[in-house]
Amino acid sequence: LLQSGWQSRLPGLKTLLLNVSRAVPRDVLITFSPTAGPSKLNTTEKGKAGKIHLPREIFRSLGSQIVRVVVTVLNIQRLGMFKEVNQRAQVLDNTVVGITVGESSISGLQEPVQITFAHSKLPQVSQLCLPSMAPPAGGWHNRGCVTKPGDKGTVCSCNHLTFFTLLLNPALDGSTAKALIAVATAGCGVAMAFSIFTIAFCIFIRCRFRFEETLRINLGLHVNLVGSLLLLNLAFLLNSGLSGRSHPRTCRVLGGLTHYCLLCCFTWMALEGCQLYLLFVKVLGIYIHHYLAKLCLVGWGFPVLVVGVAGVIGSYGEYSIQTTDHQVIAYLCWITSEHLLVHYITNCGYFGLIFLFNMAVFGVVTQKSCSLQSTGAVQGYRKPWKVALVAAGLFCLLGATWALAFLTYGISSPAVLYLFTILNSLQGIFIFIWLVVLYYPKTKGATGSLSNIMRHDKTTTASQD
């Protein structure tokens with residue numbers, strides 16, 4: 001084993017070069033640290049350096065040639081490289097380790113390469129070894145590596161050579177995770193009951209005001225939205241009860257069903273926003289033949305296409321929820337970890353667009369409602385708490401509480417997770433209270449402040465024309 005050590009003067013970059021031939025009768029052991037860089041074993045401070053174990057399998061295929069082993073330690077914060085790796089989590093010591101043997105690509109090893117990242121006892125985080133797909137520019141995945149966490153170091157056992165790093169993701173402790181699951185399960189059961197009450201109430205009001213076409217359409221929209229929430233809560237309860245014990249094919253079906261119900265909820269929230277836009281911005285509107293039936297085709301049909309495409313590429317399967325010590329506390333039939341891009345596009349991206357549109361509509365409706373209430377043009381709910389309650393119900397109807405999901409990603413506190421779980425599991429209750437206040441007023445002959453505003457705007461617009 002011949003060593004020709006070389007340290008770069010570039011800040012944040014340290015490299016070790018070794019000339020190795022087939023005559024090496026043993027494995028190659030190298031240490032590295034973010035401060036001292038890579039070196040031969042036992043030349044850095046004991047207990048504070050990581051270790052690299054290159055199995056002899058790598059060198060058996062060399063023949064008689066002499067190849068160069070290059071070990072590079074990068075400080076990605078100082079060099080500005082691999083920026084995408086720490087956008088959603090933290091890289092241990094901002095360190096990326098690159099390993100190459102010769103000029104050929106080495107993969108499919110039977111005896112894995114072991115990279116030990118040294119560290120003290122970590123807080124509530126989950127560790128994940130990430131090899132680079134296209135070094136050194138970027139693209140990371142977790143295929144081909146097994147993560148073995150420990151109190152003094154994490155071992156990454158990988159079947160190929162590339163750039164490696166250890167990603168630290170904030171994770172929940174076991175008691176908090178179990179409490180969140182219990183709260184979500186109880187909330188879903190209560191929400192299902194109130195969803196049934198809401199559907200019955202909407203049918204009652206629709207029969208009472210059967211000659212008001214706009215009101216019938218609005219109530220029809222509300223029934224479909226609450227129906228999608230009912231199915232989503234039911235799918236979640238089935239998912240939490242059957243996952244982990246179901247057949248893989250059953251789990252894929254259940255994961256697709258849960259995803260479908262979630263997309264239906266998002267789509268009907270978007271259609272609620274579109275309807276409000278037509279009522280308050282395009283006041284007189286345009287008559288559309290079989291309008292509600294066409295909305296149902298979009299609300300229930302579009303998610304079928306999305307779930308169908310995701311199912312074809314095999315996105316659904318068993319997904320595990322782990323604690324900080326990597327103990328699995330629950331299994332869900334959902335989008336698997338290998339297809340998280342499907343989740344980001346169809347759930348996060350799709351809802352993000354809906355949220356921006358609905359909040360813009362909410363701002364327009366709130367501004368118009370406040371202006372008409374202040375001028376006395378509308379005789380309706382004049383008490384501030386009733387106006388605030390109607391606004392809060394409309395806010396919930398448009399799905400704004402789901403925006404808390406963006407705050408639960410990455411470093412989020414348990415309080416935010418509890419808030420997200422409680423508000424969304426009780427969304428059906430909020431909608432029920434909102435509909436009762438809005439469509440069942442005590443004043444005889446009134447049908448809610450939104451309906452009064454809509455009538456006033458139509459009258460005003462018609463008189464101006």
# chains A, B, ... in the order shown; residues from 1 in each chain; ligands from 1
>>> residues_around(residues="Leu257 (chain A)", least_positions_apart="3", cutoff="10 Å", atoms="only C-alpha atoms", output="list in words")
Leu231, Leu232, Ala235, Phe236, Asn239, Cys251, Arg252, Val253, Leu254, Tyr260, Cys261, Leu262, Leu263, Val304, Val307, Tyr316, Cys333 and Trp334 of chain A
>>> atom_distance(atom1="CA of Gly241 (chain A)", atom2="CA of Ala184 (chain A)")
12.8 Å
>>> atom_distance(atom1="CA of Phe362 (chain A)", atom2="CA of Trp434 (chain A)")
15.1 Å
>>> select_by_dssp(residues="region 106-326 of chain A", states="strand (DSSP E or B)", output="tab-separated table (two decimals) with all heavy atoms, in the first residue's frame")
chain	number	residue	atom	x	y	z
A	113	VAL	N	-19.44	-1.33	0.83
A	113	VAL	CA	-18.55	-0.30	1.36
A	113	VAL	C	-19.21	0.28	2.61
A	113	VAL	O	-20.42	0.54	2.62
A	113	VAL	CB	-18.34	0.82	0.31
A	113	VAL	CG1	-17.47	1.93	0.89
A	113	VAL	CG2	-17.72	0.25	-0.94
A	114	GLN	N	-18.43	0.48	3.65
A	114	GLN	CA	-18.97	1.01	4.91
A	114	GLN	C	-18.36	2.37	5.21
A	114	GLN	O	-17.13	2.49	5.33
A	114	GLN	CB	-18.71	0.04	6.07
A	114	GLN	CG	-19.50	-1.25	5.96
A	114	GLN	CD	-19.33	-2.14	7.17
A	114	GLN	OE1	-18.40	-1.98	7.95
A	114	GLN	NE2	-20.24	-3.10	7.34
A	115	ILE	N	-19.22	3.37	5.29
A	115	ILE	CA	-18.79	4.72	5.66
A	115	ILE	C	-19.41	5.04	7.01
A	115	ILE	O	-20.65	5.05	7.14
A	115	ILE	CB	-19.23	5.77	4.62
A	115	ILE	CG1	-18.73	5.38	3.22
A	115	ILE	CG2	-18.71	7.15	4.98
A	115	ILE	CD1	-19.78	4.72	2.38
A	116	THR	N	-18.59	5.27	8.00
A	116	THR	CA	-19.08	5.58	9.34
A	116	THR	C	-18.94	7.08	9.58
A	116	THR	O	-17.83	7.62	9.57
A	116	THR	CB	-18.28	4.82	10.41
A	116	THR	OG1	-18.37	3.42	10.16
A	116	THR	CG2	-18.84	5.12	11.80
A	117	PHE	N	-20.07	7.75	9.75
A	117	PHE	CA	-20.09	9.17	10.08
A	117	PHE	C	-20.11	9.31	11.60
A	117	PHE	O	-21.08	8.92	12.26
A	117	PHE	CB	-21.30	9.86	9.47
A	117	PHE	CG	-21.25	9.97	7.98
A	117	PHE	CD1	-21.76	8.98	7.16
A	117	PHE	CD2	-20.68	11.08	7.37
A	117	PHE	CE1	-21.71	9.07	5.78
A	117	PHE	CE2	-20.62	11.20	5.99
A	117	PHE	CZ	-21.14	10.19	5.19
A	118	ALA	N	-19.01	9.84	12.17
A	118	ALA	CA	-18.91	9.97	13.61
A	118	ALA	C	-19.69	11.18	14.10
A	118	ALA	O	-19.70	12.24	13.46
A	118	ALA	CB	-17.44	10.10	14.03
A	125	VAL	N	-33.92	13.26	15.74
A	125	VAL	CA	-33.79	13.29	14.29
A	125	VAL	C	-33.71	11.86	13.78
A	125	VAL	O	-33.36	10.93	14.51
A	125	VAL	CB	-32.53	14.07	13.85
A	125	VAL	CG1	-32.64	15.54	14.21
A	125	VAL	CG2	-31.27	13.46	14.45
A	126	SER	N	-34.02	11.68	12.52
A	126	SER	CA	-33.82	10.40	11.86
A	126	SER	C	-32.67	10.55	10.88
A	126	SER	O	-32.55	11.57	10.21
A	126	SER	CB	-35.10	9.96	11.12
A	126	SER	OG	-35.43	10.89	10.11
A	127	GLN	N	-31.79	9.54	10.83
A	127	GLN	CA	-30.63	9.58	9.98
A	127	GLN	C	-30.90	8.81	8.69
A	127	GLN	O	-31.52	7.76	8.71
A	127	GLN	CB	-29.40	9.00	10.68
A	127	GLN	CG	-29.00	9.75	11.94
A	127	GLN	CD	-29.43	9.06	13.21
A	127	GLN	OE1	-30.59	9.08	13.56
A	127	GLN	NE2	-28.50	8.43	13.89
A	128	LEU	N	-30.39	9.33	7.58
A	128	LEU	CA	-30.58	8.69	6.29
A	128	LEU	C	-29.32	8.87	5.45
A	128	LEU	O	-28.88	10.00	5.22
A	128	LEU	CB	-31.78	9.27	5.55
A	128	LEU	CG	-32.09	8.68	4.17
A	128	LEU	CD1	-32.45	7.20	4.29
A	128	LEU	CD2	-33.20	9.45	3.49
A	129	CYS	N	-28.73	7.76	5.02
A	129	CYS	CA	-27.56	7.83	4.15
A	129	CYS	C	-28.01	8.14	2.73
A	129	CYS	O	-28.90	7.46	2.19
A	129	CYS	CB	-26.81	6.50	4.17
A	129	CYS	SG	-26.18	6.04	5.80
A	130	LEU	N	-27.38	9.14	2.12
A	130	LEU	CA	-27.76	9.55	0.77
A	130	LEU	C	-26.56	9.47	-0.16
A	130	LEU	O	-25.59	10.22	0.02
A	130	LEU	CB	-28.31	10.98	0.76
A	130	LEU	CG	-29.69	11.22	1.38
A	130	LEU	CD1	-30.09	12.67	1.21
A	130	LEU	CD2	-30.73	10.31	0.77
A	131	PRO	N	-26.57	8.58	-1.14
A	131	PRO	CA	-25.55	8.62	-2.19
A	131	PRO	C	-26.01	9.50	-3.34
A	131	PRO	O	-27.20	9.64	-3.60
A	131	PRO	CB	-25.44	7.15	-2.62
A	131	PRO	CG	-26.79	6.58	-2.33
A	131	PRO	CD	-27.38	7.36	-1.19
A	132	SER	N	-25.05	10.10	-4.04
A	132	SER	CA	-25.37	10.99	-5.15
A	132	SER	C	-25.57	10.18	-6.42
A	132	SER	O	-24.87	9.21	-6.68
A	132	SER	CB	-24.25	12.01	-5.35
A	132	SER	OG	-24.49	12.80	-6.49
A	133	MET	N	-26.57	10.61	-7.23
A	133	MET	CA	-26.83	9.94	-8.50
A	133	MET	C	-25.89	10.45	-9.59
A	133	MET	O	-25.50	9.72	-10.48
A	133	MET	CB	-28.28	10.17	-8.93
A	133	MET	CG	-29.30	9.49	-8.06
A	133	MET	SD	-30.97	9.62	-8.73
A	133	MET	CE	-31.20	11.39	-8.71
A	134	ALA	N	-25.56	11.75	-9.54
A	134	ALA	CA	-24.75	12.37	-10.58
A	134	ALA	C	-23.72	13.29	-9.95
A	134	ALA	O	-23.87	14.50	-9.96
A	134	ALA	CB	-25.62	13.13	-11.58
A	138	GLY	N	-25.33	16.94	-8.40
A	138	GLY	CA	-26.52	16.81	-7.56
A	138	GLY	C	-27.33	15.59	-7.90
A	138	GLY	O	-26.90	14.70	-8.63
A	139	GLY	N	-28.55	15.54	-7.38
A	139	GLY	CA	-29.42	14.39	-7.53
A	139	GLY	C	-29.08	13.36	-6.48
A	139	GLY	O	-28.02	12.73	-6.52
A	140	TRP	N	-29.95	13.20	-5.50
A	140	TRP	CA	-29.69	12.29	-4.39
A	140	TRP	C	-30.80	11.27	-4.28
A	140	TRP	O	-31.94	11.53	-4.65
A	140	TRP	CB	-29.56	13.07	-3.07
A	140	TRP	CG	-28.39	14.00	-3.05
A	140	TRP	CD1	-28.34	15.26	-3.57
A	140	TRP	CD2	-27.11	13.74	-2.51
A	140	TRP	NE1	-27.10	15.79	-3.36
A	140	TRP	CE2	-26.31	14.89	-2.71
A	140	TRP	CE3	-26.54	12.65	-1.84
A	140	TRP	CZ2	-24.99	14.98	-2.29
A	140	TRP	CZ3	-25.22	12.75	-1.41
A	140	TRP	CH2	-24.45	13.90	-1.64
A	145	CYS	N	-28.15	1.74	-0.30
A	145	CYS	CA	-27.52	2.00	0.99
A	145	CYS	C	-28.44	1.58	2.12
A	145	CYS	O	-29.66	1.74	2.03
A	145	CYS	CB	-27.18	3.49	1.15
A	145	CYS	SG	-25.71	4.01	0.23
A	146	VAL	N	-27.84	1.07	3.18
A	146	VAL	CA	-28.55	0.71	4.39
A	146	VAL	C	-28.00	1.56	5.53
A	146	VAL	O	-26.78	1.65	5.71
A	146	VAL	CB	-28.39	-0.79	4.72
A	146	VAL	CG1	-29.09	-1.13	6.04
A	146	VAL	CG2	-28.95	-1.64	3.60
A	147	THR	N	-28.90	2.19	6.27
A	147	THR	CA	-28.50	3.08	7.36
A	147	THR	C	-28.60	2.35	8.69
A	147	THR	O	-29.65	1.79	9.03
A	147	THR	CB	-29.39	4.34	7.39
A	147	THR	OG1	-29.38	4.96	6.10
A	147	THR	CG2	-28.90	5.33	8.43
A	148	LYS	N	-27.50	2.35	9.44
A	148	LYS	CA	-27.48	1.75	10.77
A	148	LYS	C	-27.08	2.82	11.78
A	148	LYS	O	-25.89	3.10	11.98
A	148	LYS	CB	-26.48	0.58	10.81
A	148	LYS	CG	-26.85	-0.57	9.88
A	148	LYS	CD	-25.83	-1.69	9.96
A	148	LYS	CE	-26.20	-2.83	9.01
A	148	LYS	NZ	-25.19	-3.92	9.04
A	153	GLY	N	-22.02	7.09	16.19
A	153	GLY	CA	-21.78	7.15	14.77
A	153	GLY	C	-22.83	6.39	14.00
A	153	GLY	O	-23.47	5.48	14.52
A	154	THR	N	-23.03	6.77	12.75
A	154	THR	CA	-23.99	6.13	11.86
A	154	THR	C	-23.23	5.45	10.74
A	154	THR	O	-22.39	6.09	10.08
A	154	THR	CB	-24.98	7.14	11.29
A	154	THR	OG1	-25.71	7.74	12.37
A	154	THR	CG2	-25.96	6.47	10.34
A	155	VAL	N	-23.52	4.17	10.50
A	155	VAL	CA	-22.82	3.39	9.47
A	155	VAL	C	-23.69	3.33	8.22
A	155	VAL	O	-24.86	2.93	8.28
A	155	VAL	CB	-22.51	1.97	9.98
A	155	VAL	CG1	-21.78	1.18	8.89
A	155	VAL	CG2	-21.67	2.03	11.24
A	156	CYS	N	-23.11	3.74	7.10
A	156	CYS	CA	-23.78	3.64	5.80
A	156	CYS	C	-23.14	2.48	5.04
A	156	CYS	O	-21.95	2.57	4.66
A	156	CYS	CB	-23.63	4.94	5.01
A	156	CYS	SG	-24.34	6.39	5.81
A	157	SER	N	-23.89	1.42	4.81
A	157	SER	CA	-23.40	0.27	4.06
A	157	SER	C	-23.98	0.34	2.66
A	157	SER	O	-25.19	0.17	2.47
A	157	SER	CB	-23.81	-1.04	4.75
A	157	SER	OG	-23.28	-1.10	6.07
A	158	CYS	N	-23.12	0.58	1.67
A	158	CYS	CA	-23.57	0.83	0.30
A	158	CYS	C	-22.90	-0.14	-0.67
A	158	CYS	O	-21.74	-0.54	-0.45
A	158	CYS	CB	-23.27	2.28	-0.11
A	158	CYS	SG	-23.98	3.51	1.01
A	163	PHE	N	-20.44	9.90	-4.18
A	163	PHE	CA	-20.40	10.85	-3.07
A	163	PHE	C	-21.49	10.48	-2.06
A	163	PHE	O	-22.62	10.16	-2.45
A	163	PHE	CB	-20.63	12.28	-3.57
A	163	PHE	CG	-19.42	12.88	-4.24
A	163	PHE	CD1	-19.08	12.54	-5.53
A	163	PHE	CD2	-18.61	13.77	-3.55
A	163	PHE	CE1	-17.97	13.09	-6.15
A	163	PHE	CE2	-17.50	14.32	-4.16
A	163	PHE	CZ	-17.17	13.98	-5.46
A	164	PHE	N	-21.16	10.55	-0.77
A	164	PHE	CA	-22.09	10.15	0.27
A	164	PHE	C	-22.22	11.28	1.30
A	164	PHE	O	-21.28	12.04	1.54
A	164	PHE	CB	-21.62	8.88	0.99
A	164	PHE	CG	-21.45	7.69	0.09
A	164	PHE	CD1	-20.22	7.42	-0.49
A	164	PHE	CD2	-22.52	6.87	-0.18
A	164	PHE	CE1	-20.06	6.33	-1.33
A	164	PHE	CE2	-22.37	5.77	-1.01
A	164	PHE	CZ	-21.14	5.51	-1.59
A	165	THR	N	-23.39	11.33	1.92
A	165	THR	CA	-23.61	12.25	3.03
A	165	THR	C	-24.63	11.65	3.98
A	165	THR	O	-25.33	10.69	3.63
A	165	THR	CB	-24.07	13.63	2.54
A	165	THR	OG1	-24.01	14.57	3.61
A	165	THR	CG2	-25.51	13.58	2.01
A	166	LEU	N	-24.71	12.21	5.16
A	166	LEU	CA	-25.69	11.74	6.15
A	166	LEU	C	-26.68	12.87	6.40
A	166	LEU	O	-26.31	13.95	6.85
A	166	LEU	CB	-24.98	11.37	7.47
A	166	LEU	CG	-25.90	10.81	8.56
A	166	LEU	CD1	-26.52	9.50	8.13
A	166	LEU	CD2	-25.11	10.61	9.86
A	167	LEU	N	-27.92	12.60	6.08
A	167	LEU	CA	-28.98	13.60	6.20
A	167	LEU	C	-29.73	13.40	7.51
A	167	LEU	O	-30.10	12.28	7.86
A	167	LEU	CB	-29.95	13.48	5.01
A	167	LEU	CG	-30.87	14.66	4.75
A	167	LEU	CD1	-30.07	15.89	4.32
A	167	LEU	CD2	-31.91	14.31	3.70
A	168	LEU	N	-29.95	14.50	8.21
A	168	LEU	CA	-30.65	14.46	9.50
A	168	LEU	C	-32.01	15.11	9.34
A	168	LEU	O	-32.12	16.30	9.03
A	168	LEU	CB	-29.84	15.20	10.57
A	168	LEU	CG	-28.38	14.76	10.74
A	168	LEU	CD1	-27.70	15.60	11.81
A	168	LEU	CD2	-28.29	13.28	11.10
A	169	ASN	N	-33.05	14.31	9.50
A	169	ASN	CA	-34.42	14.80	9.40
A	169	ASN	C	-35.04	14.85	10.79
A	169	ASN	O	-34.96	13.86	11.53
A	169	ASN	CB	-35.28	13.88	8.52
A	169	ASN	CG	-34.98	14.08	7.05
A	169	ASN	OD1	-35.22	15.14	6.50
A	169	ASN	ND2	-34.44	13.05	6.42
A	170	PRO	N	-35.65	15.97	11.16
A	170	PRO	CA	-36.37	16.01	12.45
A	170	PRO	C	-37.44	14.94	12.49
A	170	PRO	O	-38.16	14.73	11.52
A	170	PRO	CB	-36.97	17.42	12.48
A	170	PRO	CG	-36.12	18.21	11.54
A	170	PRO	CD	-35.69	17.26	10.46
A	316	TYR	N	-48.21	3.12	-5.27
A	316	TYR	CA	-48.87	2.82	-4.01
A	316	TYR	C	-48.33	1.54	-3.38
A	316	TYR	O	-47.93	0.60	-4.06
A	316	TYR	CB	-50.38	2.69	-4.22
A	316	TYR	CG	-50.98	3.91	-4.88
A	316	TYR	CD1	-51.56	3.85	-6.15
A	316	TYR	CD2	-50.96	5.14	-4.23
A	316	TYR	CE1	-52.10	4.97	-6.74
A	316	TYR	CE2	-51.50	6.27	-4.82
A	316	TYR	CZ	-52.06	6.18	-6.07
A	316	TYR	OH	-52.58	7.30	-6.66
A	317	GLY	N	-48.31	1.56	-2.06
A	317	GLY	CA	-47.81	0.41	-1.31
A	317	GLY	C	-47.76	0.74	0.16
A	317	GLY	O	-48.44	1.66	0.64
A	318	GLU	N	-46.94	0.01	0.89
A	318	GLU	CA	-46.86	0.20	2.33
A	318	GLU	C	-45.87	1.31	2.67
A	318	GLU	O	-44.75	1.36	2.16
A	318	GLU	CB	-46.42	-1.10	3.01
A	318	GLU	CG	-46.61	-1.11	4.51
A	318	GLU	CD	-46.32	-2.47	5.11
A	318	GLU	OE1	-45.15	-2.84	5.19
A	318	GLU	OE2	-47.29	-3.17	5.46
A	319	TYR	N	-46.30	2.22	3.52
A	319	TYR	CA	-45.48	3.34	3.97
A	319	TYR	C	-45.41	3.30	5.50
A	319	TYR	O	-46.44	3.22	6.17
A	319	TYR	CB	-46.08	4.66	3.50
A	319	TYR	CG	-45.29	5.89	3.89
A	319	TYR	CD1	-44.21	6.31	3.13
A	319	TYR	CD2	-45.63	6.62	5.03
A	319	TYR	CE1	-43.49	7.43	3.49
A	319	TYR	CE2	-44.92	7.74	5.39
A	319	TYR	CZ	-43.84	8.14	4.62
A	319	TYR	OH	-43.12	9.26	4.98
A	320	SER	N	-44.21	3.34	6.05
A	320	SER	CA	-44.02	3.22	7.49
A	320	SER	C	-43.76	4.57	8.13
A	320	SER	O	-43.08	5.42	7.55
A	320	SER	CB	-42.87	2.27	7.81
A	320	SER	OG	-41.65	2.76	7.28
A	321	ILE	N	-44.31	4.75	9.32
A	321	ILE	CA	-44.05	5.94	10.14
A	321	ILE	C	-43.12	5.52	11.26
A	321	ILE	O	-43.45	4.63	12.05
A	321	ILE	CB	-45.35	6.52	10.71
A	321	ILE	CG1	-46.29	6.92	9.56
A	321	ILE	CG2	-45.07	7.73	11.58
A	321	ILE	CD1	-47.63	7.42	10.03
A	322	GLN	N	-41.95	6.17	11.33
A	322	GLN	CA	-40.92	5.77	12.29
A	322	GLN	C	-40.67	6.85	13.32
A	322	GLN	O	-40.91	8.04	13.07
A	322	GLN	CB	-39.61	5.45	11.56
A	322	GLN	CG	-39.71	4.32	10.56
A	322	GLN	CD	-38.38	4.02	9.89
A	322	GLN	OE1	-37.40	4.70	10.12
A	322	GLN	NE2	-38.36	2.99	9.07
>>> closest_residue(among="A:Leu278, A:Ile217, A:Val361, A:Ile313", to="Ala293 (chain A)", atoms="only C-alpha atoms")
A:Ile217
